[in-house]
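Q: One file: my_file_4.cif (mmCIF, C-alpha atoms).
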data_data
#
loop_
_atom_site.label_atom_id
_atom_site.label_comp_id
_atom_site.auth_asym_id
_atom_site.auth_seq_id
_atom_site.Cartn_x
_atom_site.Cartn_y
_atom_site.Cartn_z
CA MET C 1 5.81 9.47 -63.27
CA ALA C 2 8.08 8.89 -60.32
CA SER C 3 9.99 5.67 -60.67
CA TYR C 4 8.53 2.73 -58.86
CA HIS C 5 11.66 1.90 -56.91
CA THR C 6 12.03 5.23 -55.18
CA GLN C 7 8.69 4.91 -53.45
CA VAL C 8 10.01 3.02 -50.47
CA SER C 9 7.84 4.85 -48.00
CA THR C 10 4.25 3.83 -47.74
CA ILE C 11 3.14 7.19 -46.40
CA GLU C 12 4.60 9.35 -49.08
CA ALA C 13 3.49 7.00 -51.79
CA LEU C 14 -0.01 6.96 -50.39
CA VAL C 15 -0.49 10.69 -50.27
CA ASN C 16 1.25 11.17 -53.59
CA GLN C 17 -1.20 8.91 -55.33
CA SER C 18 -4.23 10.50 -53.76
CA CYS C 19 -3.24 13.73 -55.42
CA GLN C 20 -2.81 12.48 -58.94
CA LYS C 21 -5.73 10.37 -59.96
CA GLY C 22 -4.95 7.42 -62.15
CA HIS C 23 -1.43 6.98 -60.82
CA ARG C 24 -2.30 4.68 -57.97
CA ASP C 25 0.13 2.09 -56.76
CA TYR C 26 -1.98 -1.01 -57.13
CA TRP C 27 0.03 -3.08 -54.67
CA ASN C 28 0.33 -0.57 -51.84
CA LEU C 29 -1.09 -2.41 -48.82
CA ASP C 30 -1.79 0.75 -46.86
CA ASP C 31 -3.72 2.11 -49.81
CA ILE C 32 -5.86 -1.01 -49.94
CA LEU C 33 -6.47 -0.93 -46.19
CA ALA C 34 -7.37 2.76 -46.29
CA GLU C 35 -10.04 1.99 -48.88
CA GLU C 36 -11.71 -0.51 -46.55
CA GLU C 37 -12.97 2.39 -44.46
CA LEU C 38 -16.78 2.37 -44.19
CA VAL C 39 -18.67 5.42 -45.44
CA PRO C 40 -22.39 6.03 -44.99
CA CYS C 41 -24.21 6.39 -48.33
CA THR C 42 -27.76 6.85 -49.57
CA PHE C 43 -28.98 4.93 -52.62
CA LYS C 44 -30.67 7.12 -55.21
CA PHE C 45 -32.44 4.29 -57.00
CA GLU C 46 -33.79 0.93 -56.09
CA ALA C 47 -30.99 -1.63 -56.20
CA LYS C 48 -32.20 -5.08 -57.18
CA GLY C 49 -30.57 -7.98 -55.36
CA LEU C 50 -28.16 -5.83 -53.42
CA GLY C 51 -29.89 -6.38 -50.09
CA TYR C 52 -26.85 -8.12 -48.65
CA LEU C 53 -24.94 -4.84 -48.77
CA ASP C 54 -27.12 -3.71 -45.89
CA GLN C 55 -25.36 -6.07 -43.49
CA LEU C 56 -21.97 -5.92 -45.09
CA ASP C 57 -20.27 -4.80 -41.93
CA HIS C 58 -21.90 -7.46 -39.83
CA LEU C 59 -21.29 -10.17 -42.38
CA SER C 60 -17.64 -9.51 -42.98
CA THR C 61 -16.78 -9.69 -39.32
CA SER C 62 -18.75 -12.47 -37.71
CA ALA C 63 -20.83 -14.49 -40.10
CA THR C 64 -19.88 -17.92 -41.41
CA THR C 65 -19.71 -18.62 -45.11
CA ALA C 66 -23.04 -20.44 -44.96
CA GLN C 67 -24.77 -17.42 -43.48
CA ARG C 68 -23.20 -15.23 -46.04
CA LYS C 69 -24.37 -17.43 -48.89
CA ASN C 70 -27.83 -17.41 -47.41
CA ALA C 71 -27.94 -13.67 -47.29
CA VAL C 72 -26.85 -13.37 -50.89
CA GLN C 73 -29.34 -15.93 -52.06
CA GLN C 74 -32.19 -14.21 -50.27
CA ASP C 75 -32.15 -11.85 -53.20
CA ARG C 76 -33.51 -8.90 -51.34
CA SER C 77 -33.55 -5.49 -52.93
CA LEU C 78 -32.53 -2.14 -51.54
CA ALA C 79 -35.21 0.49 -51.77
CA ALA C 80 -34.41 3.96 -53.15
CA GLY C 81 -33.21 6.14 -50.30
CA ALA C 82 -31.86 3.25 -48.25
CA LYS C 83 -28.96 4.22 -45.99
CA VAL C 84 -26.08 1.77 -46.13
CA ASP C 85 -22.47 1.71 -44.95
CA LEU C 86 -20.21 0.89 -47.88
CA PRO C 87 -16.43 0.51 -48.07
CA LEU C 88 -14.71 3.48 -49.58
CA TRP C 89 -13.57 1.79 -52.80
CA LEU C 90 -17.13 0.79 -53.64
CA ALA C 91 -18.74 4.00 -52.45
CA VAL C 92 -16.47 6.26 -54.47
CA SER C 93 -16.95 4.41 -57.73
CA LEU C 94 -20.72 4.24 -57.24
CA ALA C 95 -20.81 7.93 -56.41
CA GLN C 96 -18.92 8.68 -59.64
CA ARG C 97 -21.71 6.92 -61.56
CA GLU C 98 -24.21 8.96 -59.52
CA LEU C 99 -25.96 5.85 -58.24
CA ILE C 100 -25.52 6.80 -54.61
CA GLU C 101 -24.99 9.90 -52.58
CA LEU C 102 -22.10 10.08 -50.12
CA ARG C 103 -22.91 11.26 -46.64
CA GLN C 104 -20.42 12.53 -44.14
CA PRO C 105 -18.72 9.75 -42.16
CA LYS C 106 -18.35 10.14 -38.41
CA PHE C 107 -14.85 11.60 -38.65
CA MET C 108 -16.15 14.37 -40.89
CA SER C 109 -19.09 15.32 -38.73
CA ARG C 110 -19.53 18.79 -37.28
CA SER C 111 -19.09 17.61 -33.68
CA PHE C 112 -15.80 15.88 -34.46
CA TYR C 113 -14.59 19.00 -36.27
CA ASN C 114 -15.31 21.03 -33.16
CA GLN C 115 -13.51 18.49 -31.04
CA LEU C 116 -10.49 18.69 -33.33
CA SER C 117 -10.30 22.45 -33.44
CA ALA C 118 -10.56 22.58 -29.64
CA GLY C 119 -7.36 20.58 -29.20
CA ALA C 120 -6.21 18.11 -31.77
CA ASP C 121 -3.43 16.57 -29.72
CA VAL C 122 -5.68 15.02 -27.08
CA VAL C 123 -8.04 13.29 -29.52
CA THR C 124 -7.51 9.57 -29.97
CA MET C 125 -7.75 9.65 -33.74
CA ARG C 126 -7.00 5.97 -34.07
CA GLN C 127 -10.41 5.22 -32.58
CA MET C 128 -12.07 6.95 -35.52
CA SER C 129 -9.97 5.13 -38.07
CA PRO C 130 -6.26 4.30 -38.40
CA TYR C 131 -6.38 5.87 -41.86
CA VAL C 132 -8.25 9.10 -41.16
CA TYR C 133 -6.09 11.37 -43.31
CA GLU C 134 -6.04 9.04 -46.29
CA ALA C 135 -9.79 8.42 -46.06
CA VAL C 136 -10.55 12.14 -45.90
CA ILE C 137 -8.38 12.83 -48.95
CA LYS C 138 -10.06 10.04 -50.88
CA ILE C 139 -13.60 11.08 -49.96
CA CYS C 140 -12.87 14.70 -50.82
CA GLU C 141 -12.34 13.71 -54.46
CA SER C 142 -16.06 13.03 -54.77
CA MET C 143 -17.42 15.87 -52.68
CA SER C 144 -18.25 19.44 -53.48
CA GLU C 145 -15.22 21.75 -53.52
CA GLU C 146 -16.39 23.87 -50.60
CA GLN C 147 -16.85 20.87 -48.37
CA ALA C 148 -13.58 19.33 -49.50
CA LYS C 149 -11.71 22.55 -48.88
CA GLU C 150 -13.00 22.86 -45.34
CA ALA C 151 -12.21 19.25 -44.50
CA VAL C 152 -8.70 19.22 -45.97
CA GLN C 153 -7.89 22.58 -44.40
CA LEU C 154 -8.94 21.29 -41.00
CA PHE C 155 -7.15 17.99 -41.27
CA GLN C 156 -4.00 19.69 -42.52
CA ASN C 157 -3.95 21.91 -39.44
CA VAL C 158 -4.63 18.88 -37.28
CA PHE C 159 -1.78 16.96 -38.87
CA VAL C 160 0.68 19.83 -38.44
CA ASP C 161 -0.39 20.36 -34.85
CA ARG C 162 -0.22 16.70 -33.91
CA PHE C 163 3.12 16.24 -35.63
CA ALA C 164 4.68 18.97 -33.51
CA LYS C 165 3.05 17.98 -30.24
CA LEU C 166 2.81 14.22 -30.39
CA VAL C 167 5.50 13.02 -32.76
CA VAL C 168 8.39 15.41 -32.16
CA ASP C 169 7.90 16.33 -28.51
CA GLN C 170 6.97 12.90 -27.29
CA SER C 171 9.86 11.21 -29.02
CA ASN C 172 12.26 13.02 -26.69
CA GLN C 173 11.06 11.01 -23.76
CA THR C 174 12.18 7.57 -22.67
CA THR C 175 15.02 6.44 -24.82
CA GLN C 176 16.34 3.73 -22.54
CA GLY C 177 15.40 0.16 -23.33
CA LEU C 178 14.29 1.08 -26.81
CA GLN C 179 17.49 0.10 -28.54
CA GLN C 180 16.32 -3.47 -29.02
CA ALA C 181 12.64 -2.88 -29.62
CA GLU C 182 11.61 -2.31 -33.22
CA ASP C 183 8.21 -0.92 -32.26
CA PHE C 184 9.09 2.41 -30.76
CA SER C 185 5.75 4.05 -30.24
CA GLY C 186 4.51 1.62 -27.55
CA THR C 187 1.66 3.15 -25.59
CA MET C 188 1.56 6.12 -27.95
CA ALA C 189 0.38 3.80 -30.69
CA LYS C 190 -3.16 3.81 -29.27
CA LYS C 191 -3.48 7.50 -29.99
CA LEU C 192 -1.68 7.93 -33.31
CA THR C 193 -3.01 7.17 -36.75
CA ASN C 194 -0.88 5.06 -39.05
CA ILE C 195 0.84 8.01 -40.74
CA GLU C 196 1.73 9.55 -37.41
CA LYS C 197 2.91 6.23 -36.04
CA GLU C 198 5.19 5.73 -38.99
CA LEU C 199 6.63 9.23 -38.59
CA PHE C 200 7.14 8.61 -34.89
CA ASP C 201 9.00 5.35 -35.48
CA LEU C 202 11.05 6.98 -38.22
CA HIS C 203 12.14 9.81 -35.96
CA LYS C 204 12.94 7.52 -33.06
CA LYS C 205 14.83 5.06 -35.22
CA GLN C 206 17.04 7.78 -36.65
CA LYS C 207 17.84 9.00 -33.15
CA VAL C 208 18.79 5.50 -32.03
CA ARG C 209 20.88 5.03 -35.16
CA PHE C 210 22.74 8.24 -34.46
CA LEU C 211 23.44 7.19 -30.86
CA GLN C 212 24.72 3.84 -32.06
CA TRP C 213 27.08 5.53 -34.46
CA LYS C 214 28.33 7.89 -31.77
CA ASN C 215 29.02 5.04 -29.36
CA ARG C 216 30.48 2.87 -32.13
CA GLU C 217 27.89 0.15 -31.60
CA GLY C 218 26.36 0.03 -35.02
CA PRO C 219 27.67 -1.57 -38.18
CA SER C 220 31.01 -0.38 -39.49
CA ILE C 221 32.98 -1.00 -42.65
CA GLU C 222 34.92 -4.22 -42.31
CA ILE C 223 36.98 -6.44 -44.52
CA ASN C 224 35.41 -9.56 -45.90
CA PRO C 225 37.59 -12.34 -44.48
CA GLU C 226 36.68 -14.73 -47.31
CA PHE C 227 38.23 -12.32 -49.77
CA ILE C 228 41.52 -12.40 -47.93
CA VAL C 229 41.65 -16.19 -47.67
CA GLN C 230 41.87 -16.31 -51.46
CA THR C 231 45.27 -14.67 -51.48
CA GLU C 232 46.69 -17.23 -48.99
CA GLY C 233 50.17 -16.30 -47.73
CA ALA C 234 49.69 -12.57 -47.97
CA GLY C 235 46.47 -12.88 -45.96
CA GLU C 236 47.99 -12.00 -42.61
CA GLN C 237 49.70 -8.99 -44.03
CA GLN C 238 46.57 -7.79 -45.81
CA MET C 239 44.54 -8.07 -42.61
CA LYS C 240 47.05 -5.88 -40.83
CA ARG C 241 47.09 -3.31 -43.56
CA PHE C 242 43.35 -2.73 -43.66
CA LYS C 243 42.44 -3.16 -40.03
CA THR C 244 40.21 -0.32 -38.93
CA HIS C 245 38.38 0.53 -35.75
CA MET M 1 13.08 4.31 -45.02
CA ASN M 2 16.37 6.04 -45.59
CA TYR M 3 16.47 6.49 -49.32
CA LYS M 4 16.95 10.23 -49.17
CA ASN M 5 18.97 10.25 -45.98
CA TYR M 6 22.51 9.07 -45.44
CA THR M 7 23.27 6.98 -42.40
CA PRO M 8 25.60 8.53 -39.81
CA GLN M 9 28.25 6.05 -40.96
CA GLU M 10 27.99 7.30 -44.53
CA ASN M 11 28.23 10.90 -43.33
CA GLU M 12 31.41 10.02 -41.51
CA PHE M 13 32.75 8.47 -44.71
CA PHE M 14 32.14 11.73 -46.60
CA ALA M 15 33.73 13.73 -43.80
CA GLU M 16 36.92 11.71 -44.28
CA ASN M 17 37.39 13.46 -47.62
CA GLU M 18 37.90 16.85 -45.95
CA LEU M 19 41.45 18.16 -46.16
CA ILE M 20 43.70 18.53 -43.16
CA GLN M 21 47.34 19.50 -42.58
CA ILE M 22 49.85 16.96 -41.35
CA ILE M 23 53.58 17.09 -40.60
CA PRO M 24 55.09 13.85 -41.89
CA ASN M 25 58.29 12.34 -40.50
CA PHE M 26 59.21 10.44 -43.64
CA ARG M 27 60.43 11.22 -47.14
CA GLU M 28 58.22 10.15 -50.05
CA ASN M 29 57.23 11.21 -53.55
CA PRO M 30 53.69 12.54 -54.19
CA PHE M 31 50.81 10.03 -53.91
CA ASP M 32 48.45 9.89 -56.89
CA PHE M 33 44.81 9.24 -55.98
CA ILE M 34 41.57 9.57 -57.90
CA SER M 35 40.70 12.59 -55.76
CA GLY M 36 44.02 14.29 -56.48
CA THR M 37 47.76 14.25 -55.93
CA PHE M 38 49.07 14.74 -52.41
CA GLY M 39 52.64 15.35 -51.43
CA PRO M 40 55.59 15.37 -51.79
CA PHE M 41 56.28 14.38 -48.20
CA ARG M 42 59.38 15.78 -46.51
CA PRO M 43 60.08 15.42 -42.76
CA GLY M 44 58.96 18.49 -40.85
CA ARG M 45 57.26 20.15 -43.83
CA PRO M 46 53.47 20.60 -43.48
CA VAL M 47 51.40 19.05 -46.27
CA THR M 48 47.64 18.99 -46.93
CA VAL M 49 46.01 15.54 -47.29
CA PRO M 50 42.51 14.06 -46.93
CA LEU M 51 41.54 13.07 -43.41
CA TRP M 52 41.47 9.35 -44.15
CA LEU M 53 45.08 9.45 -45.29
CA ALA M 54 46.04 11.50 -42.25
CA ILE M 55 44.43 8.91 -39.96
CA TYR M 56 46.08 6.07 -41.87
CA LEU M 57 49.53 7.65 -41.46
CA LYS M 58 48.82 8.64 -37.87
CA GLN M 59 47.98 5.06 -36.90
CA ARG M 60 51.45 4.04 -38.17
CA ASN M 61 53.17 6.92 -36.37
CA LYS M 62 54.25 8.43 -39.66
CA CYS M 63 53.03 11.95 -39.00
CA GLN M 64 51.64 14.51 -36.62
CA VAL M 65 48.16 15.87 -37.36
CA GLN M 66 47.72 19.63 -37.16
CA LEU M 67 44.30 20.28 -35.67
CA PRO M 68 42.04 22.70 -37.57
CA ILE M 69 41.77 26.21 -36.11
CA TRP M 70 38.16 25.85 -35.00
CA LEU M 71 38.89 22.63 -33.09
CA ASP M 72 40.19 24.43 -30.04
CA TYR M 73 38.73 24.69 -26.56
CA ASP M 74 38.47 28.49 -26.46
CA THR M 75 37.01 28.78 -29.97
CA LEU M 76 34.44 26.09 -29.28
CA THR M 77 33.38 27.72 -26.02
CA LYS M 78 32.94 30.99 -27.88
CA ILE M 79 30.85 29.26 -30.56
CA LYS M 80 28.73 27.65 -27.87
CA GLY M 81 28.00 31.10 -26.47
CA ILE M 82 27.03 32.38 -29.92
CA GLU M 83 24.79 29.39 -30.51
CA ARG M 84 23.00 29.98 -27.24
CA GLU M 85 22.37 33.67 -27.83
CA SER M 86 21.65 33.96 -31.56
CA GLY M 87 18.01 33.13 -32.16
CA ASP M 88 17.57 31.35 -35.46
CA ILE M 89 21.10 31.60 -36.81
CA PHE M 90 23.76 28.92 -36.76
CA SER M 91 27.39 29.85 -36.19
CA GLU M 92 29.44 30.01 -39.38
CA ASP M 93 32.77 29.29 -37.77
CA ILE M 94 32.56 25.51 -37.89
CA PRO M 95 32.45 23.42 -41.08
CA TYR M 96 29.52 21.38 -42.33
CA TYR M 97 30.96 18.08 -41.07
CA TYR M 98 32.16 19.54 -37.76
CA PHE M 99 30.86 16.75 -35.56
CA GLU M 100 32.19 13.91 -37.70
CA LEU M 101 35.60 15.55 -38.11
CA ALA M 102 35.95 16.18 -34.40
CA HIS M 103 34.71 12.69 -33.63
CA LEU M 104 37.29 11.10 -35.93
CA LEU M 105 40.11 13.23 -34.59
CA PHE M 106 39.09 12.51 -30.99
CA THR M 107 39.29 8.77 -31.55
CA HIS M 108 42.39 8.58 -33.71
CA CYS M 109 44.54 11.50 -32.63
CA SER M 110 43.64 11.75 -28.95
CA ASP M 111 47.28 12.53 -28.04
CA GLU M 112 47.13 15.84 -29.95
CA PHE M 113 44.51 17.34 -27.65
CA ALA M 114 45.32 19.15 -24.42
CA HIS M 115 41.80 18.98 -22.88
CA LEU M 116 40.18 15.99 -24.55
CA GLN M 117 37.27 15.47 -22.11
CA LYS M 118 36.44 19.17 -21.91
CA MET M 119 36.49 19.45 -25.71
CA LYS M 120 34.22 16.44 -26.05
CA SER M 121 31.63 17.88 -23.69
CA VAL M 122 31.68 21.33 -25.33
CA LEU M 123 31.21 19.77 -28.76
CA GLU M 124 28.35 17.67 -27.44
CA ASP M 125 26.76 20.85 -26.03
CA ILE M 126 27.07 22.65 -29.37
CA PHE M 127 25.45 19.73 -31.14
CA GLU M 128 22.56 19.58 -28.65
CA LEU M 129 22.01 23.34 -28.87
CA ARG M 130 21.96 23.27 -32.66
CA LYS M 131 19.66 20.27 -32.81
CA GLU M 132 17.12 21.77 -30.43
CA LYS M 133 17.26 25.05 -32.36
CA LEU M 134 16.64 23.25 -35.64
CA ILE M 135 13.73 21.24 -34.24
CA ARG M 136 12.21 24.36 -32.72
CA MET M 137 12.42 26.13 -36.08
CA LEU M 138 10.97 23.29 -38.15
CA LYS M 139 8.46 21.78 -35.75
CA LYS M 140 5.60 24.04 -36.75
CA VAL M 141 5.11 22.98 -40.36
CA ASP M 142 3.88 25.90 -42.45
CA PRO M 143 2.40 24.21 -45.52
CA VAL M 144 1.75 27.41 -47.50
CA THR M 145 5.38 28.56 -47.55
CA PRO M 146 7.43 25.57 -46.41
CA VAL M 147 10.75 27.39 -46.71
CA LYS M 148 13.21 28.02 -43.90
CA TYR M 149 16.66 29.54 -44.10
CA LEU M 150 18.97 27.12 -42.34
CA SER M 151 22.17 29.09 -43.03
CA THR M 152 25.00 26.89 -41.82
CA ALA M 153 23.33 24.00 -40.05
CA GLY M 154 25.66 21.02 -39.80
CA ALA M 155 25.46 17.54 -41.27
CA VAL M 156 24.71 15.71 -38.01
CA GLU M 157 21.74 17.70 -36.82
CA LEU M 158 20.20 17.66 -40.28
CA ASN M 159 20.82 13.93 -40.48
CA VAL M 160 19.04 13.23 -37.20
CA ILE M 161 15.84 15.07 -38.05
CA ARG M 162 15.69 14.59 -41.82
CA PRO M 163 13.60 11.41 -42.27
CA ALA M 164 10.62 12.29 -40.06
CA PHE M 165 10.55 15.98 -40.96
CA GLY M 166 10.98 15.33 -44.65
CA ALA M 167 8.04 12.95 -44.67
CA ALA M 168 5.86 15.26 -42.57
CA TYR M 169 6.56 18.22 -44.86
CA THR M 170 5.69 16.07 -47.86
CA VAL M 171 2.36 15.03 -46.37
CA ALA M 172 1.46 18.59 -45.39
CA GLY M 173 2.54 19.82 -48.83
CA GLN M 174 0.39 17.27 -50.63
CA MET M 175 -2.63 18.33 -48.60
CA GLN M 176 -1.83 21.90 -49.59
CA ASN M 177 -1.85 20.82 -53.25
CA ILE M 178 -5.35 19.41 -52.84
CA LEU M 179 -6.45 22.64 -51.15
CA ASP M 180 -5.05 24.72 -54.01
CA ASN M 181 -6.90 22.56 -56.53
CA CYS M 182 -10.13 22.98 -54.57
CA GLU M 183 -9.70 26.74 -54.46
CA LYS M 184 -9.09 26.90 -58.20
CA ALA M 185 -12.23 24.84 -58.84
CA ILE M 186 -14.30 27.08 -56.55
CA GLU M 187 -13.07 30.17 -58.35
CA ALA M 188 -13.80 28.65 -61.76
CA ASN M 189 -17.30 27.73 -60.60
CA ALA M 190 -17.94 31.22 -59.30
CA GLN M 191 -16.85 32.78 -62.60
CA GLY M 192 -18.92 30.28 -64.57
CA GLY M 193 -21.98 31.11 -62.45
CA ALA M 194 -21.46 34.85 -62.87
CA SER M 195 -21.21 34.68 -66.66
CA GLN M 196 -24.37 32.59 -66.84
CA GLN M 197 -26.28 35.20 -64.89
CA GLU M 198 -25.19 37.88 -67.31
#
Would you give me this structure, written as structure tokens?
A:
Amino acid sequence: MASYHTQVSTIEALVNQSCQKGHRDYWNLDDILAEEELVPCTFKFEAKGLGYLDQLDHLSTSATTAQRKNAVQQDRSLAAGAKVDLPLWLAVSLAQRELIELRQPKFMSRSFYNQLSAGADVVTMRQMSPYVYEAVIKICESMSEEQAKEAVQLFQNVFVDRFAKLVVDQSNQTTQGLQQAEDFSGTMAKKLTNIEKELFDLHKKQKVRFLQWKNREGPSIEINPEFIVQTEGAGEQQMKRFKTH
Amino acid sequence: MNYKNYTPQENEFFAENELIQIIPNFRENPFDFISGTFGPFRPGRPVTVPLWLAIYLKQRNKCQVQLPIWLDYDTLTKIKGIERESGDIFSEDIPYYYFELAHLLFTHCSDEFAHLQKMKSVLEDIFELRKEKLIRMLKKVDPVTPVKYLSTAGAVELNVIRPAFGAAYTVAGQMQNILDNCEKAIEANAQGGASQQE
């Protein structure tokens, strides 16, 4: 297994893990956030006392703790065939035990596919979910191969297309004023998913770094003055000897 | 994230190890370094040393630096023409660290150049041409066969595009892995189904 310390990038780590089951990085924040994505599911059996799952979305966002407690204590049951939105981490493990059936989330629907194949670079993917690619890869693990193949194929093309058109081309524009800002993507950020945003920032940052080096603005190798103070008298001489530009 | 990419400063540091000819104006026995022995130094006799030593001596007026053959206005203009016309091929006449070498020599040995400003602008043009060419070649990620022949692309242009492109190719490649697995599973299923029917 790849050593833990080399996985500095969240993107690469994330996709790497999705490919090899069982080698997940437990502490990867992006991985955890990607698993929060809601997926529509159908219960195959009656689920006793799980009625509160029905309003999970609503509860987690607005309700107070008292309301939440109430809902849990109501002890309702979910009937067989009930349609509920569950977070991905729960849905996948329930689907593995064949207790529920996964249905296609909105970013895997036929109409969204058509929209994507018509022109992927104008779609605001972030609206669907900031973790579309990761979510698709994760869902595909528990879907039939034919469905998974179609979805991954499509999203791969979309990723390649959007990388060329949005990340690389757009990063050529407007370099002034960005030297100080750490968040490079700015208005673009509304359109890009998290992977794309990270790639965009990466590309921009490297360009800025290169410019800084060329104009001699960035960090350069210098002598540690404290080191020279130690050798008192010869200090002046040493400074002269190693002075660089 | 720069764990697989050197910073431009680091690239410059590596470029300083390239060898260059100087004409010293002092008499000295050979210098012994970890990277090798350089010298002996005799006034007026050309000797090959690493660039960092050449710059060190130059700053103390101990030598004249002999510019490399390719670092010449006419040669660079010719290379620029080649770069513009040849489609996907990079000129082989300049070394891997061409930009860093030229940059260092421009700053430290500016008195050796006849047309310093003109040279700087031509070099900048070559770099821009090469970078655009490289981006154009790599922009369309082909996940099935992600292999491109980059012949003699230089250190700077690779350095500028490496982080984002490396990550993007990884992501596309991982998706391709999933696709391959799916295809294998579909095939296995189809064979399994066929044998059951028999």
Q: Report as a list in words all protein, DNA and RNA residues lying within 7 Å of Leu38 in chain C, evaluated on all atoms listed in the file, omitting residues in the same chain fewer than 5 positions from it.
A: Asp85, Leu86, Pro87 and Leu88 of chain C
Q: Those residues with C-alpha atoms, as a compact mmCIF listing (two decimals), keeping the file's coordinate frame please?
A:
# COMPACT_ATOMS: atom_id res chain seq x y z
CA ASP C 85 -22.47 1.71 -44.95
CA LEU C 86 -20.21 0.89 -47.88
CA PRO C 87 -16.43 0.51 -48.07
CA LEU C 88 -14.71 3.48 -49.58
Q: For the file shown, report as an mmCIF file with C-alpha atoms, in the frame of the given file the outcome of the PyMOL selection byres ((chain M and resi 129) around 12) at residue level.
A:
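Wrote it out as out.cif, contents follow:
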data_model
loop_
_atom_site.group_PDB
_atom_site.id
_atom_site.type_symbol
_atom_site.label_atom_id
_atom_site.label_comp_id
_atom_site.auth_asym_id
_atom_site.auth_seq_id
_atom_site.Cartn_x
_atom_site.Cartn_y
_atom_site.Cartn_z
ATOM 1 C CA ILE M 79 30.850 29.260 -30.560
ATOM 2 C CA LYS M 80 28.730 27.650 -27.870
ATOM 3 C CA GLY M 81 28.000 31.100 -26.470
ATOM 4 C CA ILE M 82 27.030 32.380 -29.920
ATOM 5 C CA GLU M 83 24.790 29.390 -30.510
ATOM 6 C CA ARG M 84 23.000 29.980 -27.240
ATOM 7 C CA GLU M 85 22.370 33.670 -27.830
ATOM 8 C CA SER M 86 21.650 33.960 -31.560
ATOM 9 C CA GLY M 87 18.010 33.130 -32.160
ATOM 10 C CA ASP M 88 17.570 31.350 -35.460
ATOM 11 C CA ILE M 89 21.100 31.600 -36.810
ATOM 12 C CA PHE M 90 23.760 28.920 -36.760
ATOM 13 C CA SER M 91 27.390 29.850 -36.190
ATOM 14 C CA VAL M 122 31.680 21.330 -25.330
ATOM 15 C CA LEU M 123 31.210 19.770 -28.760
ATOM 16 C CA GLU M 124 28.350 17.670 -27.440
ATOM 17 C CA ASP M 125 26.760 20.850 -26.030
ATOM 18 C CA ILE M 126 27.070 22.650 -29.370
ATOM 19 C CA PHE M 127 25.450 19.730 -31.140
ATOM 20 C CA GLU M 128 22.560 19.580 -28.650
ATOM 21 C CA ARG M 130 21.960 23.270 -32.660
ATOM 22 C CA LYS M 131 19.660 20.270 -32.810
ATOM 23 C CA GLU M 132 17.120 21.770 -30.430
ATOM 24 C CA LYS M 133 17.260 25.050 -32.360
ATOM 25 C CA LEU M 134 16.640 23.250 -35.640
ATOM 26 C CA ILE M 135 13.730 21.240 -34.240
ATOM 27 C CA ARG M 136 12.210 24.360 -32.720
ATOM 28 C CA ALA M 153 23.330 24.000 -40.050
ATOM 29 C CA GLY M 154 25.660 21.020 -39.800
ATOM 30 C CA GLU M 157 21.740 17.700 -36.820
#
Q: Which residues of chain C come within 6 Å of chain M, and what is each one's closest atom pair and distance in Å (one decimal), counting all atoms listed in the file, sorted by chain and residue number, as a tab-separated table?
A:
residue	atom	partner	partner_atom	distance
C:Glu145	CA	M:Cys182	CA	5.3
C:Lys149	CA	M:Leu179	CA	5.7
C:Val160	CA	M:Val141	CA	5.8
C:Ala164	CA	M:Lys139	CA	5.2
C:Leu199	CA	M:Ala164	CA	5.2
C:Leu202	CA	M:Ala164	CA	5.6
C:His203	CA	M:Ala164	CA	5.0
C:Gln206	CA	M:Val160	CA	5.8
C:Lys207	CA	M:Val160	CA	6.0
Q: May I ask for the distance between CA of Pro130 in chain C and CA of Val208 in chain C, given in Å to one decimal place?
A: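 Taking CA of Pro130 in chain C and CA of Val208 in chain C, their separation equals 25.9 Å.
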Q: Between CA of Phe163 in chain C and CA of Met128 in chain C, what distance in Å does the model show, to one decimal?
A: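 These atoms are spaced 17.8 Å apart.
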Q: What gap, in Å, lies between CA of Ala95 in chain C and CA of Val39 in chain C?
A: 11.5 Å
Q: Name the closest residue to Pro95 in chain M among the candidates M:Val49, M:Thr152, M:Asp32, M:Lys118; distances are taken between atoms, counting all atoms listed in the file.
A: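 Of M:Val49, M:Thr152, M:Asp32, M:Lys118, the one nearest Pro95 in chain M is M:Thr152, counting all atoms listed in the file.
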